[in-house]
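Working notes, structure below.
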Amino acid sequence: MPGSNSSPLTNGETLKSLVQFESGGAKSSYQARLLWERKPGASRQAPGKAVLGLMLNGAQSDDDEAHGGHFGVITGRFEEDGNYSRWLVNNFYNLDSYSEKGIIAAITPMDKYLMDLNNGQSYYRPSYMLIATFINDETAVALYQSAINRVFNHFYRHDFEYDHSRNNCSGVSIDTFRTLGWHVPLRGVESYLKAGAAYAYIATSESSLEKGRKIYDYLSTELTRLNPAVAFDAMSNDLLALAQGNAGRKLSKLEQSMSKNIQAIWFIRIPQIPSSRAFGKAPVYSFAEYMKQAPTDHNQWKIIPVEPRPFPNKMRDGLALQQSKPFPVLLPIELLGLVLVLILLWFIRHKFKPKKLPAIHHLL
């Protein structure tokens, strides 16, 4: 990568369009593109400098529960020849189930994270990186790695547990940065109105408050915490804005350090390794995209079942003893709305007696 010619985003081109190029680029050529450098030739001084990167993995075509992709944060040091196999990827997965790919949440060397024959990401989907090198002040890199080490310690102790909507790979990562002072702009939620309607529909049609709560959480969680692709997009764009001095807000001390010391920024696309597995796609950016990409009939979804791996209660202590799952019933005002929706659904069902209820994506 050192010595690459600068190729900034052009009119109409975005980081999202780079990710979605050729349906995610699973079959495309490898690309390392220099998006920005502080001054001409600055990227040639990258060797030896600290690296802070964002990792986004695409959707799997052989698992309809994995269209959202995966997210991780990279730290390391730039090698003379551009080799990044020893960079670390901080990635979170559910500890309480056995991964069908053999993946365990960990601080993982890049060569294993991408290329391990048994569980490397590149064997079942394309991947994308946004990489920044720093001139002198390495505070952002050191501070994040030190903080996320402590987060992993709490995670392994089960002081908090992985949750696909509230505490997933992107949520834990971006929460840590925001706590440290990198105030990545929020993107809002999908829709509280959709969340309430979906809660009522699922709770009624599935006779399960737990399933209703699950869809409610997906549609009411802040998008940079929920979707790996949105987290990658928001953080990557803000990293470019900080480097270019146009973040448009009062900067924290950490953001000031980042703004002054970012040396160069690259976008990297890593295609999928051809194998017996289906080629993956770009990750989805919204719930609507997810429902469009997955089969309409949930019974036709390709799902790889995983066995539970519960954490022994006798090993819990401290904060782990205080953890409790949220009650699957909404706040009183939302509960009132739920009751009204349930009455309406009951009336429609008994008045018109439809053969079946509409698919969830039609409701939303």
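Ordered as shown in the structure tokens, chains take letters A, B, and onward, while each chain numbers its residues from 1 and ligands are numbered from 1 in the order shown.
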- Could you give me, as a PyMOL selection string, the residues within 8 Å of Ile215 in chain A, counting only C-alpha atoms and dropping anything in the same chain fewer than 6 positions from it? chain A and resi 195+198-199+202
Same residues, C-alpha atoms, output as a PDB file, in the first residue's frame:
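Listing of selection24.pdb after writing:
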ATOM      1  CA  ALA A 195     -41.164  -1.452  16.225  1.00  0.00           C
ATOM      2  CA  ALA A 198     -44.028  -5.458  14.688  1.00  0.00           C
ATOM      3  CA  TYR A 199     -44.119  -6.202  18.415  1.00  0.00           C
ATOM      4  CA  ILE A 202     -45.241 -11.049  16.246  1.00  0.00           C
TER       5      ILE A 202
END
- Task: Just the residues within 12 Å of range 4-12 of chain A, please, counting only C-alpha atoms, with nothing from its chain fewer than 4 positions along; format it as a PyMOL selection string.
- Result: chain A and resi 16-18+31-46+82+237+240+244+264-267
- Task: Step one, run DSSP on the backbone; step two, keep only residues of range 53-131 of chain A assigned to alpha helix (DSSP H); then write them as an NGL selection string.
- Result: :A and (110-115)
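Between CA of Ala241 in chain A and CA of Ala132 in chain A lies a distance of 12.4 Å.
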- From range 27-87 of chain A, collect each residue whose DSSP state is strand (DSSP E) and return the set as number ranges by chain. A: 31-37, 50-57, 70-77
- Item | One-decimal distance in Å that lies between CA of Leu88 in chain A and CA of Gly102 in chain A | 18.3 Å
Interface rows for range 210-242 of chain A against range 148-169 of chain A: nearest pair, Å to one decimal, 12 Å, only C-alpha atoms, as CSV:
residue,atom,partner,partner_atom,distance
A:Arg213,CA,A:Ser165,CA,10.7
A:Lys214,CA,A:Ser165,CA,8.0
A:Ile215,CA,A:Ser165,CA,9.0
A:Tyr216,CA,A:Ser165,CA,9.5
A:Asp217,CA,A:Ser165,CA,6.1
A:Tyr218,CA,A:Ser165,CA,5.4
A:Leu219,CA,A:Ser165,CA,8.8
A:Ser220,CA,A:Ser165,CA,9.0
A:Thr221,CA,A:Arg166,CA,6.7
A:Glu222,CA,A:Arg166,CA,8.9
A:Leu223,CA,A:Ser165,CA,9.6
A:Thr224,CA,A:Cys169,CA,10.7
A:Arg225,CA,A:Arg166,CA,7.4
A:Leu226,CA,A:Ser165,CA,5.6
A:Asn227,CA,A:Ser165,CA,8.5
A:Pro228,CA,A:Cys169,CA,7.3
A:Ala229,CA,A:Cys169,CA,11.1
A:Ala231,CA,A:Cys169,CA,9.8
A:Phe232,CA,A:Cys169,CA,11.3
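Of the listed residues (A:Lys302, A:Pro310, A:Trp346, A:Met258), A:Met258 comes nearest to Asp137 in chain A; the distances count only C-alpha atoms.
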- Residue neighbourhood range 282-298 of chain A, 6 Å, only C-alpha atoms, exclusion window fewer than 3 positions, as a list in words: Gln20, Ser23, Gly24, Gly58, Ala59, Asp64, His67, Gly68, Gly69, Ala229, Val230 and Trp301 of chain A
- Item | Distance of CA of Pro126 in chain A from CA of Asp238 in chain A, expressed in Å to one decimal place | 23.1 Å
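The residue set within 7 Å of Leu95 in chain A, counting only C-alpha atoms and dropping same-chain residues fewer than 2 places from it, reads A:Tyr93, A:Ser97, A:Ile104, A:Ala105.
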